[in-house]
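Have a look at my_file_18.pdb below; it lists PDB, C-alpha atoms.
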```pdb
ATOM      1  CA  MET U   1      78.741 113.221 108.919
ATOM      2  CA  SER U   2      77.879 109.753 107.906
ATOM      3  CA  SER U   3      78.749 108.645 104.405
ATOM      4  CA  ILE U   4      75.552 106.595 104.260
ATOM      5  CA  LYS U   5      71.987 107.642 103.555
ATOM      6  CA  ILE U   6      69.289 105.039 104.104
ATOM      7  CA  ARG U   7      65.622 105.229 103.195
ATOM      8  CA  ALA U   8      63.466 102.351 104.414
ATOM      9  CA  LYS U   9      59.840 102.624 103.404
ATOM     10  CA  LEU U  10      56.954 100.274 104.054
ATOM     11  CA  LEU U  11      55.251  99.532 100.733
ATOM     12  CA  GLY U  12      52.277  97.270 101.406
ATOM     13  CA  GLU U  13      53.691  93.994 102.726
ATOM     14  CA  ALA U  14      57.306  94.748 101.901
ATOM     15  CA  ILE U  15      59.966  97.236 102.864
ATOM     16  CA  GLN U  16      61.841  99.064 100.161
ATOM     17  CA  ILE U  17      65.410  99.744 101.272
ATOM     18  CA  ARG U  18      67.392 102.348  99.379
ATOM     19  CA  ILE U  19      71.020 103.049 100.197
ATOM     20  CA  LEU U  20      73.247 105.844  98.974
ATOM     21  CA  ILE U  21      76.905 105.885 100.005
ATOM     22  CA  VAL U  22      79.354 108.694  99.326
ATOM     23  CA  HIS U  23      82.528 107.035  98.060
ATOM     24  CA  PRO U  24      84.954 107.711  95.161
ATOM     25  CA  MET U  25      84.950 104.061  93.920
ATOM     26  CA  GLU U  26      88.288 104.653  92.185
ATOM     27  CA  THR U  27      89.252 101.736  89.909
ATOM     28  CA  GLY U  28      93.015 102.289  89.934
ATOM     29  CA  ARG U  29      92.996 102.539  86.134
ATOM     30  CA  THR U  30      92.028 106.193  85.723
ATOM     31  CA  LEU U  31      94.905 108.439  84.672
ATOM     32  CA  GLU U  32      95.249 111.846  86.198
ATOM     33  CA  PRO U  33      95.297 114.299  83.241
ATOM     34  CA  GLN U  34      98.265 116.409  84.385
ATOM     35  CA  THR U  35     100.702 113.799  85.616
ATOM     36  CA  GLN U  36      99.542 110.737  83.650
ATOM     37  CA  GLN U  37      99.875 108.854  86.934
ATOM     38  CA  SER U  38      97.085 106.441  87.667
ATOM     39  CA  LEU U  39      94.927 107.287  90.642
ATOM     40  CA  ALA U  40      95.244 104.668  93.370
ATOM     41  CA  ALA U  41      92.404 102.180  93.638
ATOM     42  CA  HIS U  42      89.923 103.083  96.359
ATOM     43  CA  PHE U  43      86.630 101.227  96.373
ATOM     44  CA  ILE U  44      84.133  99.605  98.694
ATOM     45  CA  GLN U  45      84.633  95.834  98.863
ATOM     46  CA  THR U  46      81.901  94.644 101.185
ATOM     47  CA  MET U  47      78.579  95.995 102.352
ATOM     48  CA  THR U  48      76.245  94.404 104.871
ATOM     49  CA  VAL U  49      72.578  95.263 105.346
ATOM     50  CA  LEU U  50      70.884  94.279 108.601
ATOM     51  CA  HIS U  51      67.236  94.191 109.633
ATOM     52  CA  ASN U  52      66.877  94.473 113.418
ATOM     53  CA  GLY U  53      70.470  93.230 113.731
ATOM     54  CA  GLU U  54      70.006  90.217 111.440
ATOM     55  CA  VAL U  55      72.017  90.114 108.195
ATOM     56  CA  ILE U  56      69.688  90.281 105.201
ATOM     57  CA  VAL U  57      72.110  91.230 102.424
ATOM     58  CA  GLN U  58      75.819  90.544 102.211
ATOM     59  CA  ALA U  59      77.222  92.279  99.143
ATOM     60  CA  ASP U  60      80.739  91.977  97.758
ATOM     61  CA  MET U  61      81.715  94.336  94.999
ATOM     62  CA  GLY U  62      84.553  95.520  92.819
ATOM     63  CA  SER U  63      85.333  98.923  91.396
ATOM     64  CA  GLY U  64      82.728  98.352  88.659
ATOM     65  CA  ILE U  65      80.127  99.891  90.938
ATOM     66  CA  SER U  66      79.665 103.568  90.126
ATOM     67  CA  LYS U  67      81.018 106.431  92.207
ATOM     68  CA  ASP U  68      78.710 107.195  95.142
ATOM     69  CA  PRO U  69      77.071 103.750  95.070
ATOM     70  CA  TYR U  70      73.298 103.400  95.127
ATOM     71  CA  PHE U  71      71.532 100.145  95.983
ATOM     72  CA  ALA U  72      67.908  99.175  96.421
ATOM     73  CA  PHE U  73      66.478  95.982  97.914
ATOM     74  CA  MET U  74      63.056  94.660  98.883
ATOM     75  CA  LEU U  75      62.499  92.995 102.241
ATOM     76  CA  ASN U  76      59.448  90.807 102.801
ATOM     77  CA  GLY U  77      57.673  91.371 106.085
ATOM     78  CA  GLY U  78      58.941  93.786 108.692
ATOM     79  CA  GLN U  79      57.068  96.615 110.311
ATOM     80  CA  LEU U  80      57.107 100.323 110.859
ATOM     81  CA  GLY U  81      59.793 101.256 113.350
ATOM     82  CA  ASP U  82      62.104  98.334 112.509
ATOM     83  CA  THR U  83      65.768  99.182 112.226
ATOM     84  CA  ILE U  84      67.713  98.886 108.998
ATOM     85  CA  SER U  85      71.491  99.185 109.356
ATOM     86  CA  VAL U  86      74.186  99.328 106.723
ATOM     87  CA  ASP U  87      77.907  99.053 107.012
ATOM     88  CA  TRP U  88      80.631  99.029 104.396
ATOM     89  CA  SER U  89      84.378  98.651 104.265
ATOM     90  CA  ASP U  90      86.774  99.482 101.460
ATOM     91  CA  ASN U  91      90.150  98.303 100.181
ATOM     92  CA  ARG U  92      91.953 100.816 102.409
ATOM     93  CA  GLY U  93      90.395  99.462 105.572
ATOM     94  CA  GLN U  94      88.064 102.416 106.005
ATOM     95  CA  HIS U  95      84.539 101.624 107.096
ATOM     96  CA  ASP U  96      81.340 103.294 108.147
ATOM     97  CA  SER U  97      77.898 102.320 109.340
ATOM     98  CA  ALA U  98      74.500 103.911 109.798
ATOM     99  CA  SER U  99      70.975 102.965 110.868
ATOM    100  CA  GLU U 100      67.516 104.130 109.950
ATOM    101  CA  THR U 101      64.031 103.224 111.123
ATOM    102  CA  VAL U 102      61.398 101.960 108.712
ATOM    103  CA  LYS U 103      58.866 104.659 107.868
TER     104      LYS U 103
ATOM    105  CA  MET H   1      84.040  99.257 148.755
ATOM    106  CA  ALA H   2      84.041 102.530 146.949
ATOM    107  CA  LEU H   3      87.250 101.449 145.287
ATOM    108  CA  SER H   4      85.953  98.073 144.149
ATOM    109  CA  TYR H   5      82.832  99.721 142.793
ATOM    110  CA  LYS H   6      84.912 102.055 140.756
ATOM    111  CA  ARG H   7      87.056  99.217 139.598
ATOM    112  CA  ARG H   8      84.031  97.197 138.600
ATOM    113  CA  GLN H   9      82.621 100.137 136.792
ATOM    114  CA  PHE H  10      85.917 100.700 135.065
ATOM    115  CA  PHE H  11      86.076  97.124 133.841
ATOM    116  CA  ARG H  12      82.489  97.277 132.710
ATOM    117  CA  GLN H  13      83.225 100.365 130.691
ATOM    118  CA  LEU H  14      86.415  98.849 129.373
ATOM    119  CA  THR H  15      84.542  95.747 128.218
ATOM    120  CA  GLY H  16      81.953  97.924 126.537
ATOM    121  CA  LEU H  17      84.622  99.927 124.819
ATOM    122  CA  LEU H  18      86.513  96.832 123.704
ATOM    123  CA  ALA H  19      83.320  95.307 122.365
ATOM    124  CA  ALA H  20      82.525  98.486 120.470
ATOM    125  CA  VAL H  21      86.007  98.585 118.974
ATOM    126  CA  CYS H  22      86.441  94.882 118.223
ATOM    127  CA  LEU H  23      82.986  93.686 117.238
ATOM    128  CA  PRO H  24      82.532  95.696 114.055
ATOM    129  CA  LEU H  25      85.920  94.517 112.787
ATOM    130  CA  PRO H  26      84.991  91.007 111.642
ATOM    131  CA  LEU H  27      82.018  92.541 109.820
ATOM    132  CA  ALA H  28      83.993  95.426 108.418
ATOM    133  CA  TYR H  29      86.865  93.269 107.234
ATOM    134  CA  ALA H  30      84.697  90.395 106.133
ATOM    135  CA  ARG H  31      86.512  88.260 103.608
ATOM    136  CA  TRP H  32      86.443  89.848 100.192
ATOM    137  CA  PRO H  33      86.913  87.277  97.416
ATOM    138  CA  GLU H  34      89.786  88.978  95.633
ATOM    139  CA  ALA H  35      90.136  86.266  92.985
ATOM    140  CA  HIS H  36      86.573  86.958  91.770
ATOM    141  CA  TYR H  37      87.569  90.509  90.897
ATOM    142  CA  ALA H  38      90.647  89.750  88.815
ATOM    143  CA  ALA H  39      91.042  91.697  85.584
ATOM    144  CA  SER H  40      90.370  88.828  83.187
ATOM    145  CA  PRO H  41      88.019  87.908  80.355
ATOM    146  CA  LEU H  42      84.449  86.980  81.275
ATOM    147  CA  ASP H  43      85.080  83.261  80.630
ATOM    148  CA  ALA H  44      87.914  83.184  83.152
ATOM    149  CA  THR H  45      85.809  85.038  85.736
ATOM    150  CA  LEU H  46      82.929  82.600  85.269
ATOM    151  CA  LYS H  47      85.295  79.671  85.670
ATOM    152  CA  GLN H  48      86.713  81.258  88.799
ATOM    153  CA  LEU H  49      83.229  81.829  90.227
ATOM    154  CA  PHE H  50      81.451  78.630  89.313
ATOM    155  CA  ASN H  51      84.184  76.286  88.083
ATOM    156  CA  ASP H  52      82.423  74.392  85.294
ATOM    157  CA  THR H  53      78.956  74.209  86.814
ATOM    158  CA  MET H  54      76.194  74.329  84.182
ATOM    159  CA  ILE H  55      74.570  77.755  83.956
ATOM    160  CA  GLU H  56      71.148  77.506  82.347
ATOM    161  CA  PRO H  57      69.673  80.414  80.394
ATOM    162  CA  SER H  58      66.430  81.550  81.989
ATOM    163  CA  ASP H  59      63.612  83.862  80.896
ATOM    164  CA  GLN H  60      62.662  84.314  84.552
ATOM    165  CA  ILE H  61      65.421  86.874  85.077
ATOM    166  CA  ASP H  62      64.408  90.397  84.174
ATOM    167  CA  ILE H  63      67.218  92.908  83.680
ATOM    168  CA  ASN H  64      66.051  96.484  83.523
ATOM    169  CA  VAL H  65      68.755  98.678  81.947
ATOM    170  CA  PRO H  66      68.721 101.585  79.525
ATOM    171  CA  LEU H  67      69.086 100.547  75.853
ATOM    172  CA  ILE H  68      71.564 103.372  75.370
ATOM    173  CA  ALA H  69      73.629 104.741  78.227
ATOM    174  CA  GLU H  70      74.781 108.292  77.621
ATOM    175  CA  ASN H  71      77.295 108.003  80.426
ATOM    176  CA  GLY H  72      79.027 104.672  80.936
ATOM    177  CA  ALA H  73      80.177 105.734  84.395
ATOM    178  CA  VAL H  74      76.663 105.488  85.801
ATOM    179  CA  VAL H  75      74.378 102.852  84.299
ATOM    180  CA  PRO H  76      71.360 102.052  86.469
ATOM    181  CA  VAL H  77      70.553  98.331  86.606
ATOM    182  CA  THR H  78      67.547  96.709  88.232
ATOM    183  CA  VAL H  79      67.385  92.932  88.392
ATOM    184  CA  ASN H  80      64.193  91.026  89.147
ATOM    185  CA  VAL H  81      64.493  87.252  89.411
ATOM    186  CA  ALA H  82      61.215  85.332  89.364
ATOM    187  CA  LEU H  83      62.822  81.997  90.311
ATOM    188  CA  PRO H  84      62.221  80.302  93.674
ATOM    189  CA  ALA H  85      64.819  80.231  96.460
ATOM    190  CA  VAL H  86      67.307  82.726  95.058
ATOM    191  CA  GLN H  87      70.377  82.781  97.305
ATOM    192  CA  LYS H  88      72.754  84.959  95.394
ATOM    193  CA  ILE H  89      72.664  87.382  92.491
ATOM    194  CA  TYR H  90      75.803  88.093  90.455
ATOM    195  CA  LEU H  91      76.074  91.185  88.311
ATOM    196  CA  LEU H  92      78.625  91.180  85.483
ATOM    197  CA  VAL H  93      79.557  93.422  82.580
ATOM    198  CA  GLU H  94      81.119  91.332  79.815
ATOM    199  CA  LYS H  95      83.623  93.823  78.390
ATOM    200  CA  ASN H  96      84.729  95.597  81.571
ATOM    201  CA  PRO H  97      88.379  95.084  82.566
ATOM    202  CA  VAL H  98      86.997  93.410  85.701
ATOM    203  CA  PRO H  99      83.833  91.662  84.506
ATOM    204  CA  LEU H 100      82.335  90.945  87.931
ATOM    205  CA  VAL H 101      80.709  94.067  89.314
ATOM    206  CA  ALA H 102      79.035  92.782  92.455
ATOM    207  CA  GLU H 103      77.584  89.734  94.156
ATOM    208  CA  PHE H 104      74.612  89.976  96.497
ATOM    209  CA  ALA H 105      73.924  87.201  98.989
ATOM    210  CA  LEU H 106      70.267  87.528  99.958
ATOM    211  CA  SER H 107      68.602  86.083 103.048
ATOM    212  CA  GLU H 108      65.309  84.192 102.738
ATOM    213  CA  LYS H 109      63.473  87.319 103.797
ATOM    214  CA  MET H 110      64.586  89.244 100.743
ATOM    215  CA  GLN H 111      62.810  89.469  97.425
ATOM    216  CA  ALA H 112      65.105  88.639  94.520
ATOM    217  CA  VAL H 113      65.099  92.276  93.424
ATOM    218  CA  VAL H 114      68.290  94.309  93.397
ATOM    219  CA  SER H 115      69.108  97.743  92.007
ATOM    220  CA  ALA H 116      72.573  99.201  91.590
ATOM    221  CA  ARG H 117      74.482 101.617  89.399
ATOM    222  CA  VAL H 118      77.396 100.166  87.465
ATOM    223  CA  LYS H 119      80.272 101.407  85.328
ATOM    224  CA  MET H 120      80.559 100.236  81.732
ATOM    225  CA  ALA H 121      83.794 100.767  79.834
ATOM    226  CA  GLN H 122      82.104 100.301  76.445
ATOM    227  CA  THR H 123      79.028  98.880  74.753
ATOM    228  CA  SER H 124      78.656  95.424  76.233
ATOM    229  CA  ASP H 125      76.342  92.742  77.481
ATOM    230  CA  VAL H 126      75.204  92.967  81.100
ATOM    231  CA  TRP H 127      74.978  89.505  82.637
ATOM    232  CA  VAL H 128      72.977  88.451  85.632
ATOM    233  CA  ILE H 129      73.533  85.050  87.188
ATOM    234  CA  ALA H 130      71.144  83.844  89.862
ATOM    235  CA  GLU H 131      72.240  81.125  92.249
ATOM    236  CA  THR H 132      69.192  79.218  93.509
ATOM    237  CA  ALA H 133      68.707  76.022  95.475
ATOM    238  CA  ALA H 134      68.108  74.306  92.108
ATOM    239  CA  GLY H 135      71.233  75.578  90.370
ATOM    240  CA  LEU H 136      72.584  78.477  88.344
ATOM    241  CA  TYR H 137      70.575  80.544  85.880
ATOM    242  CA  LYS H 138      71.638  83.388  83.641
ATOM    243  CA  ALA H 139      70.296  86.141  81.464
ATOM    244  CA  SER H 140      71.976  88.952  79.574
ATOM    245  CA  THR H 141      71.088  92.101  77.719
ATOM    246  CA  THR H 142      73.067  94.640  75.714
ATOM    247  CA  VAL H 143      73.635  98.240  76.716
ATOM    248  CA  LYS H 144      75.008 100.634  74.136
ATOM    249  CA  VAL H 145      77.437 103.052  75.741
ATOM    250  CA  THR H 146      78.166 106.333  74.009
ATOM    251  CA  ILE H 147      80.775 107.615  76.501
ATOM    252  CA  GLY H 148      83.015 105.113  78.317
ATOM    253  CA  GLY H 149      83.052 104.672  82.053
ATOM    254  CA  CYS H 150      86.780 104.839  82.573
ATOM    255  CA  GLY H 151      87.750 108.448  82.083
ATOM    256  CA  GLY H 152      86.968 108.180  78.344
TER     257      GLY H 152
END
```
Once you've parsed the file, please lay out its structure as structure tokens.
Amino acid sequence: MSSIKIRAKLLGEAIQIRILIVHPMETGRTLEPQTQQSLAAHFIQTMTVLHNGEVIVQADMGSGISKDPYFAFMLNGGQLGDTISVDWSDNRGQHDSASETVK
Amino acid sequence: MALSYKRRQFFRQLTGLLAAVCLPLPLAYARWPEAHYAASPLDATLKQLFNDTMIEPSDQIDINVPLIAENGAVVPVTVNVALPAVQKIYLLVEKNPVPLVAEFALSEKMQAVVSARVKMAQTSDVWVIAETAAGLYKASTTVKVTIGGCGG
């Protein structure tokens, strides 16, 4: 199953894009209670949002973004049925992508 | 003929497969500016990001955050910049070990409105810096955190 949930909704003249990604966003500074070992850093570093294949948002982030990141953006123009795609990659080289049509 | 057709088809499929495997890579491993996310004081991060470029305070940047965050691990932030030609929005938390939380490069088609959820280690100022065609603008607001964001 995809780690990404996208909701793209036409609101008047603009499209509201909401993105929810399942990801631990581990900072590398949290100590595990039993062992007192720090949990290895594991966080999304880059996320790209595309509208019909064209990049509209390029986001870089650190581990200061909360676990299971949520983002919302507003796109001017666009129509019902347009495609919004999202892909992310993290510091371990994992990545995922998903697409959703504008409703 | 049958052979060459198969061969052609094979190469076509191979090209498709290679494209599928290789193309997402440059996107997926797009350069991540590691130096921006160093664990350093806010001043050092700002210097790293903007060198010594003037950052003007602006009342055109609206930061919507809770006054008191019960849980520093998840603080919802909505930024609305009413300045023209916003190219990039930077989100920072002054007292986090890594002050820079995220940077959003927005295309011309985007409104300068961004929501995200951030971690806050302790009560701190949340900074937003907007990079526009005319220069850098900033605004900040304080969020009181009652439980820290880093396992506290």
Check your understanding: Applied to the shown file, which residues does the ChimeraX specification (/U :<10) & /H return, written as JSON, numbers by chain?
Key -> {"H": [24, 25, 27, 28, 29, 30, 31, 32, 33, 34, 36, 37, 38, 72, 73, 74, 75, 76, 77, 78, 88, 89, 90, 91, 92, 93, 96, 97, 98, 99, 100, 101, 102, 103, 104, 105, 106, 107, 108, 109, 110, 111, 112, 113, 114, 115, 116, 117, 118, 119, 120, 121, 149, 150, 151, 152]}
Atom CA of H:Lys47 to atom CA of H:Asp59: how many Å, to one decimal?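 Atom-to-atom, atom CA of H:Lys47 and atom CA of H:Asp59 are spaced 22.6 Å apart.
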### Query
How would you write as a list of chain:residue names the residues that get within 8 Å of (73.6, 103.4, 108.5) in the file's frame, counting only C-alpha atoms?
U:Ser2, U:Ile4, U:Lys5, U:Ile6, U:Ile84, U:Ser85, U:Val86, U:Asp87, U:Asp96, U:Ser97, U:Ala98, U:Ser99, U:Glu100
- How far is it from atom CA of H:Pro84 to atom CA of H:Phe50, in Å with one decimal?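 Rounded to one decimal, the two atoms are 19.8 Å apart.
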Pairwise distance, atom CA of U:Glu13 with atom CA of H:Gln87, equals 20.8 Å
Per-axis box centre and lengths in Å around stretch 27-33 of chain U, 8 Å margin per side, axis-aligned, as lines of an AutoDock Vina configuration file:
```
center_x = 92.3
center_y = 108.0
center_z = 86.6
size_x = 22.0
size_y = 28.6
size_z = 22.7
```
Original post:
Near H:Ser124, counting only C-alpha atoms, which residues have an atom at most 7 Å away, once you skip same-chain residues fewer than 3 positions from it, shown as a ChimeraX atom specification?
Top reply: /H:93-95,142-144
**Request:** Identify which of the residues U:His42, U:Arg7, U:Leu50, U:His23 lies closest to U:Thr101, counting only C-alpha atoms when measuring atom-to-atom distances.
**Result:**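 Answer, going by the shortest atom-to-atom distance: U:Arg7.
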